[in-house]
>>> print(open('my_file.csv').read())   # CSV, C-alpha atoms
chain,number,residue,atom,x,y,z
A,248,MET,CA,-31.9,-36.3,-7.4
A,249,THR,CA,-30.9,-39.8,-6.4
A,250,ASN,CA,-30.1,-42.5,-8.9
A,251,VAL,CA,-33.3,-44.3,-7.9
A,252,ASN,CA,-35.5,-41.2,-8.4
A,253,GLN,CA,-33.8,-40.6,-11.7
A,254,VAL,CA,-34.6,-44.1,-13.0
A,255,ILE,CA,-38.2,-43.7,-11.9
A,256,ASP,CA,-38.5,-40.3,-13.6
A,257,GLU,CA,-36.9,-41.6,-16.8
A,258,THR,CA,-39.2,-44.7,-16.8
A,259,TYR,CA,-42.2,-42.5,-16.4
A,260,GLN,CA,-41.2,-40.1,-19.1
A,261,LEU,CA,-40.7,-43.0,-21.5
A,262,TRP,CA,-44.1,-44.4,-20.6
A,263,LEU,CA,-45.7,-41.0,-21.1
A,264,TYR,CA,-44.2,-40.7,-24.6
A,265,HIS,CA,-45.5,-44.2,-25.6
A,266,ALA,CA,-48.8,-44.1,-23.8
A,267,PRO,CA,-51.0,-42.7,-26.6
A,268,PHE,CA,-50.1,-45.7,-28.7
A,269,LEU,CA,-50.6,-48.3,-26.0
A,270,TYR,CA,-54.0,-47.6,-24.4
A,271,ASP,CA,-57.6,-47.5,-25.4
A,272,PHE,CA,-57.9,-45.0,-22.6
A,273,CYS,CA,-55.8,-44.1,-19.5
A,274,THR,CA,-56.6,-41.6,-16.8
A,275,THR,CA,-54.7,-40.6,-13.6
A,276,HIS,CA,-56.5,-39.2,-10.6
A,277,VAL,CA,-54.4,-37.8,-7.8
A,278,LEU,CA,-56.0,-38.5,-4.5
A,279,GLU,CA,-55.7,-36.3,-1.4
A,280,TRP,CA,-54.1,-39.2,0.6
A,281,PRO,CA,-52.4,-42.5,-0.3
A,282,THR,CA,-54.6,-45.5,-0.7
A,283,HIS,CA,-53.6,-49.2,-0.4
A,284,THR,CA,-56.7,-50.6,-1.9
A,285,VAL,CA,-59.1,-50.2,-4.8
A,286,ALA,CA,-62.3,-52.2,-5.5
A,287,TRP,CA,-65.0,-52.0,-8.2
A,288,LEU,CA,-68.6,-52.2,-7.2
A,289,ALA,CA,-69.8,-55.0,-9.4
A,290,ASP,CA,-73.4,-53.8,-10.0
A,291,SER,CA,-72.6,-50.1,-10.4
A,292,ARG,CA,-72.1,-49.8,-14.2
A,293,ARG,CA,-74.5,-47.5,-16.0
A,294,ALA,CA,-74.4,-47.0,-19.8
A,295,ILE,CA,-75.1,-43.4,-20.9
A,296,PRO,CA,-77.4,-43.4,-24.0
A,297,LEU,CA,-75.8,-42.2,-27.2
A,298,ARG,CA,-72.5,-41.4,-25.5
A,299,ASP,CA,-69.1,-43.1,-25.8
A,300,TYR,CA,-68.8,-43.6,-22.1
A,301,SER,CA,-70.3,-45.4,-19.1
A,302,VAL,CA,-70.3,-44.6,-15.4
A,303,ALA,CA,-69.2,-47.1,-12.8
A,304,GLN,CA,-68.1,-47.0,-9.1
A,305,VAL,CA,-64.8,-47.7,-7.4
A,306,ALA,CA,-64.0,-47.6,-3.7
A,307,THR,CA,-60.7,-46.5,-2.1
A,308,GLY,CA,-59.6,-45.9,1.5
A,309,THR,CA,-57.2,-43.4,2.9
A,310,VAL,CA,-53.9,-44.1,4.7
A,311,CYS,CA,-53.0,-41.0,6.8
A,312,ASN,CA,-52.6,-39.7,10.3
A,313,GLU,CA,-55.8,-37.7,10.2
A,314,THR,CA,-59.4,-38.9,10.0
A,315,ASN,CA,-59.5,-41.8,7.6
A,316,TYR,CA,-62.3,-42.5,5.1
A,317,VAL,CA,-63.6,-45.1,2.7
A,318,THR,CA,-64.7,-43.2,-0.4
A,319,VAL,CA,-66.9,-44.5,-3.3
A,320,HIS,CA,-66.2,-42.6,-6.5
A,321,HIS,CA,-68.2,-42.3,-9.7
A,322,CYS,CA,-65.8,-42.7,-12.7
A,323,PHE,CA,-66.3,-42.5,-16.4
A,324,LEU,CA,-65.2,-45.4,-18.7
A,325,HIS,CA,-64.8,-45.3,-22.4
A,326,SER,CA,-67.1,-47.6,-24.3
A,327,ALA,CA,-68.3,-48.1,-27.8
A,328,ILE,CA,-71.7,-46.6,-28.9
A,329,ASP,CA,-74.3,-49.2,-29.7
A,330,ASP,CA,-76.1,-47.5,-32.7
A,331,GLU,CA,-78.6,-50.3,-32.9
A,332,GLU,CA,-79.9,-50.0,-29.4
A,333,VAL,CA,-83.1,-48.1,-29.0
A,334,TYR,CA,-83.8,-45.9,-25.9
A,335,THR,CA,-87.1,-44.4,-24.8
A,336,GLU,CA,-87.3,-40.7,-24.2
A,337,GLU,CA,-87.7,-41.4,-20.5
A,338,GLU,CA,-84.5,-43.5,-20.4
A,339,VAL,CA,-82.5,-40.7,-22.1
A,340,ALA,CA,-84.0,-38.1,-19.8
A,341,ALA,CA,-83.1,-40.2,-16.7
A,342,PHE,CA,-79.6,-40.7,-17.8
A,343,ARG,CA,-79.1,-37.0,-18.6
A,344,GLY,CA,-80.2,-36.3,-15.1
A,345,TYR,CA,-77.7,-38.9,-13.8
A,346,GLN,CA,-75.0,-37.3,-15.9
A,347,GLY,CA,-75.8,-33.9,-14.5
A,348,GLN,CA,-74.5,-35.0,-11.1
A,349,PHE,CA,-71.0,-34.8,-12.5
A,350,GLY,CA,-71.0,-31.5,-14.4
A,351,ASP,CA,-68.2,-31.6,-16.9
A,352,VAL,CA,-67.5,-35.1,-18.1
A,353,ALA,CA,-63.9,-34.1,-18.5
A,354,ALA,CA,-63.6,-34.3,-14.7
A,355,LEU,CA,-63.8,-38.1,-15.2
A,356,MET,CA,-64.3,-38.9,-11.5
A,357,GLN,CA,-66.3,-37.5,-8.6
A,358,ARG,CA,-67.0,-38.6,-5.1
A,359,HIS,CA,-70.3,-40.4,-4.6
A,360,CYS,CA,-70.1,-40.9,-0.8
A,361,ARG,CA,-67.7,-41.5,2.0
A,362,PHE,CA,-67.7,-42.7,5.6
A,363,VAL,CA,-65.2,-42.6,8.4
A,364,HIS,CA,-63.1,-45.6,9.2
A,365,GLU,CA,-61.3,-46.3,12.5
A,366,GLY,CA,-57.7,-45.8,11.4
A,367,PRO,CA,-56.0,-46.3,8.0
A,368,VAL,CA,-57.8,-48.5,5.5
A,369,THR,CA,-55.8,-51.4,4.0
A,370,LYS,CA,-58.4,-53.5,2.2
A,371,ILE,CA,-62.0,-53.1,0.8
A,372,ALA,CA,-64.0,-56.0,-0.4
A,373,PRO,CA,-67.6,-55.4,-1.8
A,374,LEU,CA,-70.1,-58.3,-1.4
A,375,PRO,CA,-70.4,-59.9,-4.8
A,376,GLN,CA,-74.2,-60.3,-4.5
A,377,GLN,CA,-74.8,-56.8,-3.1
A,378,ALA,CA,-71.9,-54.6,-4.0
A,379,HIS,CA,-73.2,-51.7,-1.8
A,380,VAL,CA,-72.2,-53.9,1.2
A,381,LEU,CA,-68.5,-53.3,1.9
A,382,ALA,CA,-66.1,-55.3,4.2
A,383,VAL,CA,-63.3,-53.0,5.3
A,384,ARG,CA,-60.0,-53.7,7.0
A,385,GLY,CA,-57.4,-51.5,8.7
A,386,ARG,CA,-54.6,-51.6,11.2
A,387,THR,CA,-56.6,-53.2,13.9
A,388,SER,CA,-57.9,-56.7,14.5
A,389,THR,CA,-61.5,-55.7,13.7
A,390,ILE,CA,-63.2,-55.9,10.3
A,391,SER,CA,-66.0,-53.4,9.6
A,392,ILE,CA,-69.1,-54.1,7.5
A,393,VAL,CA,-70.9,-51.0,6.0
A,394,ASP,CA,-73.9,-50.9,3.8
A,395,ILE,CA,-73.5,-47.6,1.8
A,396,ALA,CA,-77.0,-47.8,0.4
A,397,ARG,CA,-78.9,-47.9,3.7
A,398,ARG,CA,-76.5,-46.2,6.0
A,399,ARG,CA,-75.0,-43.2,4.3
A,400,ALA,CA,-72.9,-41.1,6.7
A,401,GLU,CA,-73.3,-37.3,7.0
A,402,PRO,CA,-70.5,-35.4,5.2
A,403,ASP,CA,-69.2,-33.9,8.4
A,404,ASP,CA,-69.5,-37.1,10.5
A,405,THR,CA,-66.2,-37.9,12.2
A,406,THR,CA,-67.3,-41.0,14.1
A,407,PRO,CA,-67.0,-44.5,12.6
A,408,ARG,CA,-70.5,-46.0,12.4
A,409,PRO,CA,-70.2,-49.5,10.8
A,410,ASP,CA,-73.2,-51.8,10.6
A,411,MET,CA,-71.1,-54.6,12.0
A,412,ARG,CA,-67.8,-55.2,13.6
A,413,LEU,CA,-66.2,-58.6,13.1
A,414,LYS,CA,-64.2,-59.8,16.1
A,415,GLY,CA,-62.1,-62.9,16.6
A,416,HIS,CA,-58.6,-62.0,15.4
A,417,LYS,CA,-55.8,-61.0,17.8
A,418,ARG,CA,-53.9,-58.9,15.3
A,419,GLU,CA,-54.4,-56.9,12.1
A,420,GLY,CA,-54.4,-58.5,8.7
A,421,TYR,CA,-54.9,-57.7,5.0
A,422,GLY,CA,-56.4,-60.6,3.0
A,423,MET,CA,-60.1,-61.2,2.9
A,424,GLU,CA,-62.6,-62.4,0.4
A,425,TRP,CA,-66.4,-63.0,0.2
A,426,ASN,CA,-67.5,-66.5,-0.8
A,427,PRO,CA,-68.9,-66.2,-4.3
A,428,ILE,CA,-71.3,-69.1,-3.7
A,429,GLU,CA,-72.4,-68.9,-0.1
A,430,MET,CA,-74.1,-65.5,0.4
A,431,GLY,CA,-72.6,-63.5,3.3
A,432,GLN,CA,-69.7,-65.8,4.1
A,433,LEU,CA,-66.5,-63.9,4.6
A,434,ALA,CA,-62.9,-65.3,5.1
A,435,THR,CA,-60.2,-63.2,6.6
A,436,ALA,CA,-56.5,-63.7,7.0
A,437,SER,CA,-54.5,-62.3,9.9
A,438,ASN,CA,-51.1,-61.6,11.3
A,439,ASP,CA,-52.1,-63.8,14.2
A,440,MET,CA,-51.4,-66.8,11.9
A,441,SER,CA,-55.1,-67.8,11.5
A,442,VAL,CA,-58.0,-67.6,9.0
A,443,ASN,CA,-61.4,-66.7,10.3
A,444,VAL,CA,-64.7,-67.5,8.6
A,445,TYR,CA,-67.8,-65.4,9.3
A,446,SER,CA,-71.4,-66.1,8.3
A,447,LEU,CA,-73.3,-62.9,7.9
A,448,GLU,CA,-76.2,-63.5,5.5
A,449,ALA,CA,-79.0,-62.9,8.1
A,450,ASP,CA,-77.2,-59.9,9.5
A,451,ILE,CA,-76.7,-58.2,6.2
A,452,ASP,CA,-80.5,-58.1,5.7
A,453,LEU,CA,-80.6,-56.0,9.0
A,454,CYS,CA,-78.0,-53.4,7.9
A,455,GLY,CA,-79.3,-49.9,8.5
A,456,THR,CA,-82.0,-51.1,10.9
A,457,ARG,CA,-80.0,-51.5,14.2
A,458,PRO,CA,-77.0,-50.1,16.0
A,459,THR,CA,-73.5,-51.4,15.3
A,460,THR,CA,-73.4,-55.1,16.1
A,461,ASP,CA,-70.3,-57.1,17.1
A,462,LEU,CA,-70.0,-60.6,15.6
A,463,GLY,CA,-67.6,-63.5,16.0
A,464,PRO,CA,-66.4,-66.2,13.5
A,465,VAL,CA,-68.1,-69.5,12.9
A,466,SER,CA,-64.8,-71.2,12.1
A,467,LYS,CA,-61.1,-70.5,13.0
A,468,LEU,CA,-58.5,-72.2,10.8
A,469,ALA,CA,-55.1,-72.4,12.4
A,470,GLY,CA,-52.1,-74.1,10.8
A,471,HIS,CA,-49.8,-71.5,9.5
A,472,SER,CA,-46.5,-70.9,11.4
A,473,ASP,CA,-46.2,-67.2,10.4
A,474,LEU,CA,-48.3,-64.2,9.3
A,475,VAL,CA,-51.2,-65.2,6.9
A,476,GLU,CA,-51.2,-62.7,4.0
A,477,ASP,CA,-54.1,-63.8,1.8
A,478,VAL,CA,-57.1,-66.0,1.5
A,479,THR,CA,-59.4,-67.0,-1.4
A,480,TRP,CA,-62.5,-69.1,-1.9
A,481,HIS,CA,-62.8,-71.8,-4.6
A,482,PRO,CA,-65.3,-70.4,-7.2
A,483,GLN,CA,-67.0,-73.8,-7.7
A,484,HIS,CA,-66.8,-75.4,-4.3
A,485,GLY,CA,-68.2,-73.1,-1.6
A,486,SER,CA,-66.7,-75.0,1.3
A,487,MET,CA,-63.1,-74.9,0.0
A,488,LEU,CA,-60.6,-72.1,0.5
A,489,ALA,CA,-56.9,-71.5,0.2
A,490,SER,CA,-54.5,-69.3,2.3
A,491,CYS,CA,-50.9,-68.2,2.0
A,492,GLY,CA,-48.4,-66.4,4.1
A,493,PHE,CA,-44.9,-65.7,5.4
A,494,ASP,CA,-44.2,-69.3,6.1
A,495,LYS,CA,-43.9,-69.7,2.2
A,496,THR,CA,-46.8,-72.1,2.1
A,497,VAL,CA,-50.2,-72.5,0.6
A,498,LYS,CA,-52.8,-74.3,2.7
A,499,ILE,CA,-56.0,-75.7,1.3
A,500,TRP,CA,-59.0,-76.1,3.6
A,501,ASP,CA,-62.4,-77.8,3.3
A,502,LEU,CA,-64.9,-76.6,5.9
A,503,ARG,CA,-66.8,-79.8,5.6
A,504,ALA,CA,-63.9,-81.8,6.9
A,505,GLY,CA,-63.2,-79.6,10.0
A,506,THR,CA,-60.6,-77.0,10.8
A,507,ASP,CA,-57.4,-78.9,9.8
A,508,ALA,CA,-55.7,-78.0,6.5
A,509,LYS,CA,-56.4,-80.6,3.8
A,510,GLN,CA,-53.1,-79.7,2.1
A,511,SER,CA,-50.0,-77.7,3.0
A,512,GLU,CA,-47.4,-77.1,0.4
A,513,THR,CA,-44.3,-74.9,0.2
A,514,VAL,CA,-44.7,-72.9,-3.1
A,515,HIS,CA,-42.0,-70.2,-3.1
A,516,ARG,CA,-38.6,-69.4,-1.7
A,517,ASP,CA,-39.8,-66.3,0.1
A,518,PHE,CA,-43.0,-64.8,1.6
A,519,VAL,CA,-46.2,-65.6,-0.3
A,520,HIS,CA,-48.4,-62.5,-0.6
A,521,SER,CA,-51.3,-63.6,-2.8
A,522,VAL,CA,-53.2,-66.7,-3.7
A,523,ALA,CA,-56.1,-67.0,-6.2
A,524,PHE,CA,-58.1,-69.9,-7.5
A,525,HIS,CA,-58.7,-70.0,-11.2
A,526,PRO,CA,-62.3,-68.8,-12.0
A,527,THR,CA,-63.1,-71.9,-14.1
A,528,ALA,CA,-60.3,-74.5,-13.9
A,529,VAL,CA,-61.2,-76.6,-10.9
A,530,PHE,CA,-57.7,-77.7,-9.9
A,531,VAL,CA,-55.7,-74.5,-10.7
A,532,LEU,CA,-54.5,-71.7,-8.4
A,533,ALA,CA,-51.9,-68.9,-8.7
A,534,THR,CA,-49.5,-67.5,-6.1
A,535,ALA,CA,-47.3,-64.4,-5.9
A,536,SER,CA,-44.3,-63.9,-3.8
A,537,SER,CA,-41.4,-61.7,-2.5
A,538,ASP,CA,-39.2,-63.9,-4.6
A,539,LYS,CA,-40.4,-61.8,-7.6
A,540,ALA,CA,-42.3,-64.7,-9.2
A,541,VAL,CA,-45.9,-65.6,-10.0
A,542,ARG,CA,-46.6,-69.3,-10.2
A,543,VAL,CA,-49.5,-71.3,-11.4
A,544,TRP,CA,-50.2,-74.7,-9.7
A,545,ASP,CA,-52.2,-77.8,-10.3
A,546,ILE,CA,-53.3,-78.6,-6.7
A,547,ARG,CA,-53.3,-82.3,-7.5
A,548,ASN,CA,-49.5,-82.2,-7.9
A,549,PHE,CA,-47.4,-79.5,-6.2
A,550,SER,CA,-44.1,-81.0,-7.1
A,551,LYS,CA,-43.4,-78.2,-9.6
A,552,PRO,CA,-45.5,-75.3,-10.9
A,553,ALA,CA,-47.5,-75.7,-14.0
A,554,ALA,CA,-46.3,-72.3,-15.1
A,555,GLU,CA,-44.1,-69.5,-13.8
A,556,PHE,CA,-44.0,-65.9,-14.8
A,557,VAL,CA,-40.7,-64.1,-14.2
A,558,GLY,CA,-40.4,-60.4,-15.1
A,559,HIS,CA,-40.9,-58.4,-11.9
A,560,THR,CA,-37.8,-56.8,-10.3
A,561,ASP,CA,-39.1,-56.7,-6.8
A,562,ALA,CA,-41.7,-58.3,-4.5
A,563,VAL,CA,-45.0,-59.3,-6.2
A,564,HIS,CA,-47.9,-58.4,-3.9
A,565,GLY,CA,-50.9,-59.5,-5.9
A,566,ALA,CA,-52.0,-61.8,-8.7
A,567,LYS,CA,-55.6,-61.8,-10.1
A,568,TRP,CA,-57.1,-63.9,-12.8
A,569,ALA,CA,-59.0,-62.0,-15.5
A,570,PRO,CA,-62.8,-62.4,-15.4
A,571,PHE,CA,-63.1,-62.4,-19.2
A,572,SER,CA,-60.4,-65.0,-20.1
A,573,ASP,CA,-59.3,-68.5,-19.0
A,574,SER,CA,-55.7,-67.7,-19.7
A,575,VAL,CA,-55.0,-64.1,-18.6
A,576,ILE,CA,-53.7,-63.1,-15.2
A,577,MET,CA,-52.5,-59.8,-13.8
A,578,SER,CA,-49.7,-59.2,-11.2
A,579,TYR,CA,-48.4,-56.1,-9.4
A,580,GLY,CA,-46.1,-55.1,-6.6
A,581,ALA,CA,-43.2,-53.1,-5.3
A,582,ASP,CA,-41.4,-52.5,-8.6
A,583,ARG,CA,-44.2,-50.0,-9.7
A,584,VAL,CA,-45.4,-52.2,-12.5
A,585,VAL,CA,-48.6,-54.0,-13.4
A,586,ASN,CA,-48.0,-57.0,-15.7
A,587,CYS,CA,-50.6,-58.8,-17.7
A,588,TRP,CA,-49.7,-62.4,-18.6
A,589,ASP,CA,-51.3,-65.0,-20.9
A,590,ILE,CA,-50.6,-68.6,-20.1
A,591,ALA,CA,-51.7,-69.7,-23.6
A,592,LYS,CA,-48.7,-67.8,-25.1
A,593,ILE,CA,-46.0,-69.5,-23.1
A,594,GLY,CA,-43.4,-71.0,-25.6
A,595,GLN,CA,-44.6,-69.0,-28.6
A,596,TYR,CA,-41.9,-67.6,-31.0
A,597,VAL,CA,-41.5,-63.8,-30.7
A,598,GLU,CA,-39.6,-61.7,-33.3
A,599,GLY,CA,-38.8,-58.0,-33.8
A,600,ASP,CA,-38.6,-55.5,-30.9
A,601,ASP,CA,-40.2,-57.9,-28.5
A,602,GLU,CA,-37.9,-60.8,-29.0
A,603,HIS,CA,-36.2,-60.3,-25.6
A,604,ALA,CA,-39.5,-60.2,-23.7
A,605,PRO,CA,-41.3,-63.5,-22.7
A,606,PRO,CA,-44.1,-64.1,-25.1
A,607,GLU,CA,-46.5,-64.6,-22.2
A,608,LEU,CA,-46.0,-61.0,-21.1
A,609,VAL,CA,-48.8,-59.4,-23.2
A,610,PHE,CA,-48.9,-56.0,-21.5
A,611,LYS,CA,-46.7,-54.0,-19.1
A,612,HIS,CA,-48.2,-51.0,-17.4
A,613,THR,CA,-45.4,-48.7,-16.2
A,614,GLY,CA,-47.4,-45.5,-15.5
A,615,HIS,CA,-47.0,-45.7,-11.7
A,616,THR,CA,-44.1,-44.0,-9.9
A,617,ALA,CA,-44.4,-45.8,-6.6
A,618,HIS,CA,-45.2,-49.2,-5.1
A,619,VAL,CA,-48.5,-50.5,-6.7
A,620,ARG,CA,-50.6,-51.5,-3.7
A,621,GLU,CA,-53.5,-53.1,-5.6
A,622,ALA,CA,-54.8,-53.5,-9.1
A,623,SER,CA,-58.3,-54.7,-9.9
A,624,TRP,CA,-60.0,-55.9,-13.1
A,625,ALA,CA,-63.3,-54.2,-13.9
A,626,PRO,CA,-66.0,-56.9,-13.4
A,627,PHE,CA,-68.2,-55.7,-16.2
A,628,PRO,CA,-68.5,-57.8,-19.4
A,629,GLU,CA,-68.6,-54.6,-21.5
A,630,ASP,CA,-65.2,-53.4,-20.1
A,631,GLU,CA,-62.8,-56.3,-20.7
A,632,TRP,CA,-59.1,-55.4,-20.0
A,633,THR,CA,-60.1,-52.4,-17.9
A,634,VAL,CA,-58.1,-52.0,-14.8
A,635,ALA,CA,-58.0,-49.7,-11.7
A,636,SER,CA,-54.7,-49.5,-9.9
A,637,VAL,CA,-53.3,-47.5,-7.0
A,638,ASP,CA,-49.8,-46.6,-5.7
A,639,ASP,CA,-48.1,-45.0,-2.8
A,640,ASN,CA,-47.9,-41.6,-4.6
A,641,ASN,CA,-51.7,-41.1,-4.2
A,642,ASN,CA,-52.4,-42.0,-7.8
A,643,LEU,CA,-55.5,-43.9,-8.9
A,644,MET,CA,-55.2,-45.0,-12.5
A,645,LEU,CA,-58.0,-46.2,-14.7
A,646,TRP,CA,-56.7,-47.8,-17.9
A,647,SER,CA,-57.3,-50.3,-20.7
A,648,PRO,CA,-54.7,-51.4,-23.2
A,649,HIS,CA,-55.4,-51.0,-26.9
A,650,ASP,CA,-56.6,-54.4,-28.3
A,651,GLU,CA,-53.9,-54.4,-30.9
A,652,VAL,CA,-51.3,-54.5,-28.2
A,653,TYR,CA,-52.4,-57.8,-26.6
A,654,ASN,CA,-54.5,-59.4,-29.4
A,655,ASP,CA,-53.3,-61.6,-32.2
A,656,GLU,CA,-54.7,-64.3,-34.3
A,657,GLN,CA,-53.5,-67.2,-32.1
A,658,ASP,CA,-56.1,-69.9,-31.9
A,659,LEU,CA,-56.5,-70.8,-28.2
A,660,ASP,CA,-59.0,-73.6,-28.6
A,661,ASN,CA,-56.4,-76.2,-27.5
A,662,TYR,CA,-55.7,-74.4,-24.3
A,663,ASN,CA,-56.7,-76.8,-21.5
A,664,THR,CA,-57.6,-74.8,-18.3
A,665,ASP,CA,-58.2,-78.1,-16.4
A,666,VAL,CA,-54.5,-78.8,-16.1
A,667,VAL,CA,-53.0,-75.6,-17.5
>>> encode(input="my_file.csv", output="structure tokens")
Amino acid sequence: MTNVNQVIDETYQLWLYHAPFLYDFCTTHVLEWPTHTVAWLADSRRAIPLRDYSVAQVATGTVCNETNYVTVHHCFLHSAIDDEEVYTEEEVAAFRGYQGQFGDVAALMQRHCRFVHEGPVTKIAPLPQQAHVLAVRGRTSTISIVDIARRRAEPDDTTPRPDMRLKGHKREGYGMEWNPIEMGQLATASNDMSVNVYSLEADIDLCGTRPTTDLGPVSKLAGHSDLVEDVTWHPQHGSMLASCGFDKTVKIWDLRAGTDAKQSETVHRDFVHSVAFHPTAVFVLATASSDKAVRVWDIRNFSKPAAEFVGHTDAVHGAKWAPFSDSVIMSYGADRVVNCWDIAKIGQYVEGDDEHAPPELVFKHTGHTAHVREASWAPFPEDEWTVASVDDNNNLMLWSPHDEVYNDEQDLDNYNTDVV
């Protein structure tokens, strides 16, 4: 066993020993093939009457040399029983039938459906307004759009049959995001140093009613001098988006003003892999980089970061704001770790066993044994702090920290998300 493998094994064994004290629940599912992406379907959660669990759906995609698939899984999530809620006999009977699709609940996850994708899958993005519509990327320049509700593939089908193929890039890419305000508007980042914007609202309504349709972008944004890694829409301003890439910059675009970048700022010392606007603070965005840092910026003043999180030991490939908190952000990457940070705790005094850890690092998930390719917050209000994460060792983990681990009595009323 090499020294690296020994360290990985020792870290995992230590995590395994402490895990029962750290998590509300934590399950590991070993997939047949590695996956580089995991995405929750936002409208998929179903409570099970009089049971301490709910059912939700996550999507993953294979990375292999054989036939590649996008798979939608049913998974069980721990939840508190609402003793005061009243269910009709019909509701209970319906949910019992739904539960019966899974057999033993101890299985915790089952395949709902899958469809063939052309080549390895690198990114899945469900449409926020209709989560059964998936945008899928791979190692080609084309993006596929598939409606799993209206175009379910046969189990033995080995031919890709997307509802739409989005053309316009010259090379493959990873980053893409649906506009949360403008229905059907998709932004995609590419290794061809550009960002494309597609408008698909009318075409989404036709999914399942026509053969595969090829579509081109309505806008092409060129300005990066190297690979574009990620792109994100502003959650309050539907015409504004940001992109980042190997040129170490973040560029901010306003589609109302044309295709030239409104701002271009160098934000890290190395490749920038991820950019994310804050969900409620209008002027705030976060970036993650190969320089091992996560930074938070006020876009009105890029002279220095408003906050910086240092704790990863290798490249950070993603940073995602929590949907349930104005101050919590999650990061993950090549060091096999998912970190949860709380901006509101920067500068707090820490004593005891945690005195050497930064106070803003509120949880560290070390259950993965390989590069964490993606981690995703559950979008359901009932499941705060619930995360799905995937790694290069074929592991899909569903987990939620125990509230006593990250919670304290700190009053956060004075936290100003407008300027961080």
>>> residues_around(input="my_file.csv", residues="A:Ala289", least_positions_apart="5", cutoff="8 Å", atoms="only C-alpha atoms", output="ChimeraX atom specification")
/A:373,375,378,625-627
>>> closest_residue(input="my_file.csv", among="A:Glu629, A:Thr249, A:Asp639, A:Ala533", to="A:Ser301", atoms="only C-alpha atoms")
A:Glu629
>>> residues_around(input="my_file.csv", residues="A:Ile395", least_positions_apart="5", cutoff="12 Å", atoms="all atoms listed in the file", output="VMD selection string")
chain A and resid 288 306 317 to 319 359 to 363 373 to 374 377 to 382 400 to 401 408 to 410 451 454 to 455
>>> residues_around(input="my_file.csv", residues="A:Ile546", least_positions_apart="6", cutoff="12 Å", atoms="only C-alpha atoms", output="list in words")
His481, Ala489, Val497, Lys498, Ile499, Lys509, Gln510, Ser511, Glu512, Thr513, Val514, Ala523, Phe524, His525, Ala528, Val529, Phe530, Val531, Leu532, Ala533, Thr534, Pro552, Ala553, Asp665, Val666 and Val667 of chain A
>>> closest_residue(input="my_file.csv", among="A:Val541, A:Ile593, A:Val277, A:Leu324", to="A:Tyr300", atoms="only C-alpha atoms")
A:Leu324
>>> closest_residue(input="my_file.csv", among="A:Asp494, A:Lys370, A:Ala535, A:Thr406", to="A:Thr435", atoms="all atoms listed in the file")
A:Lys370
>>> atom_distance(input="my_file.csv", atom1="atom CA of A:Thr284", atom2="atom CA of A:Gly308")
6.5 Å
>>> atom_distance(input="my_file.csv", atom1="atom CA of A:Tyr596", atom2="atom CA of A:Leu261")
26.4 Å
>>> residues_around(input="my_file.csv", residues="A:Val251", least_positions_apart="5", cutoff="12 Å", atoms="all atoms listed in the file", output="list in words")
Asp256, Glu257, Thr258, Asp582, Thr616 and Ala617 of chain A
>>> closest_residue(input="my_file.csv", among="A:Ser291, A:Thr496, A:Gln376, A:Thr282", to="A:His471", atoms="all atoms listed in the file")
A:Thr496
>>> atom_distance(input="my_file.csv", atom1="atom CA of A:Arg412", atom2="atom CA of A:Leu278")
27.3 Å
>>> closest_residue(input="my_file.csv", among="A:Thr456, A:Ser437, A:Ser490, A:Thr506", to="A:Leu474", atoms="only C-alpha atoms")
A:Ser437
>>> residues_around(input="my_file.csv", residues="A:His416", least_positions_apart="3", cutoff="9 Å", atoms="all atoms listed in the file", output="PyMOL selection string")
chain A and resi 388-389+413+419-420+436-439+441-443
>>> closest_residue(input="my_file.csv", among="A:His325, A:His276, A:Arg397, A:His484", to="A:Arg358", atoms="all atoms listed in the file")
A:His276
>>> decode(input="my_file.csv", residues="stretch 456-463 of chain A", atoms="N, CA and C atoms", output="PDB file, in the first residue's frame")
ATOM      1  N   THR A 456     -43.340  15.040 -28.406  1.00  0.00           N
ATOM      2  CA  THR A 456     -44.335  15.092 -29.489  1.00  0.00           C
ATOM      3  C   THR A 456     -43.695  15.124 -30.870  1.00  0.00           C
ATOM      4  N   ARG A 457     -42.348  15.135 -30.935  1.00  0.00           N
ATOM      5  CA  ARG A 457     -41.682  15.248 -32.230  1.00  0.00           C
ATOM      6  C   ARG A 457     -40.323  14.569 -32.152  1.00  0.00           C
ATOM      7  N   PRO A 458     -39.710  14.284 -33.296  1.00  0.00           N
ATOM      8  CA  PRO A 458     -38.367  13.691 -33.282  1.00  0.00           C
ATOM      9  C   PRO A 458     -37.342  14.659 -32.689  1.00  0.00           C
ATOM     10  N   THR A 459     -36.153  14.136 -32.448  1.00  0.00           N
ATOM     11  CA  THR A 459     -35.065  14.963 -31.926  1.00  0.00           C
ATOM     12  C   THR A 459     -34.848  16.197 -32.799  1.00  0.00           C
ATOM     13  N   THR A 460     -34.780  17.361 -32.139  1.00  0.00           N
ATOM     14  CA  THR A 460     -34.650  18.637 -32.842  1.00  0.00           C
ATOM     15  C   THR A 460     -33.320  19.286 -32.492  1.00  0.00           C
ATOM     16  N   ASP A 461     -32.595  19.767 -33.495  1.00  0.00           N
ATOM     17  CA  ASP A 461     -31.341  20.490 -33.278  1.00  0.00           C
ATOM     18  C   ASP A 461     -31.617  21.988 -33.186  1.00  0.00           C
ATOM     19  N   LEU A 462     -31.037  22.628 -32.155  1.00  0.00           N
ATOM     20  CA  LEU A 462     -31.252  24.056 -31.936  1.00  0.00           C
ATOM     21  C   LEU A 462     -29.920  24.757 -31.705  1.00  0.00           C
ATOM     22  N   GLY A 463     -29.864  26.027 -32.071  1.00  0.00           N
ATOM     23  CA  GLY A 463     -28.669  26.831 -31.869  1.00  0.00           C
ATOM     24  C   GLY A 463     -28.883  27.891 -30.805  1.00  0.00           C
TER      25      GLY A 463
END
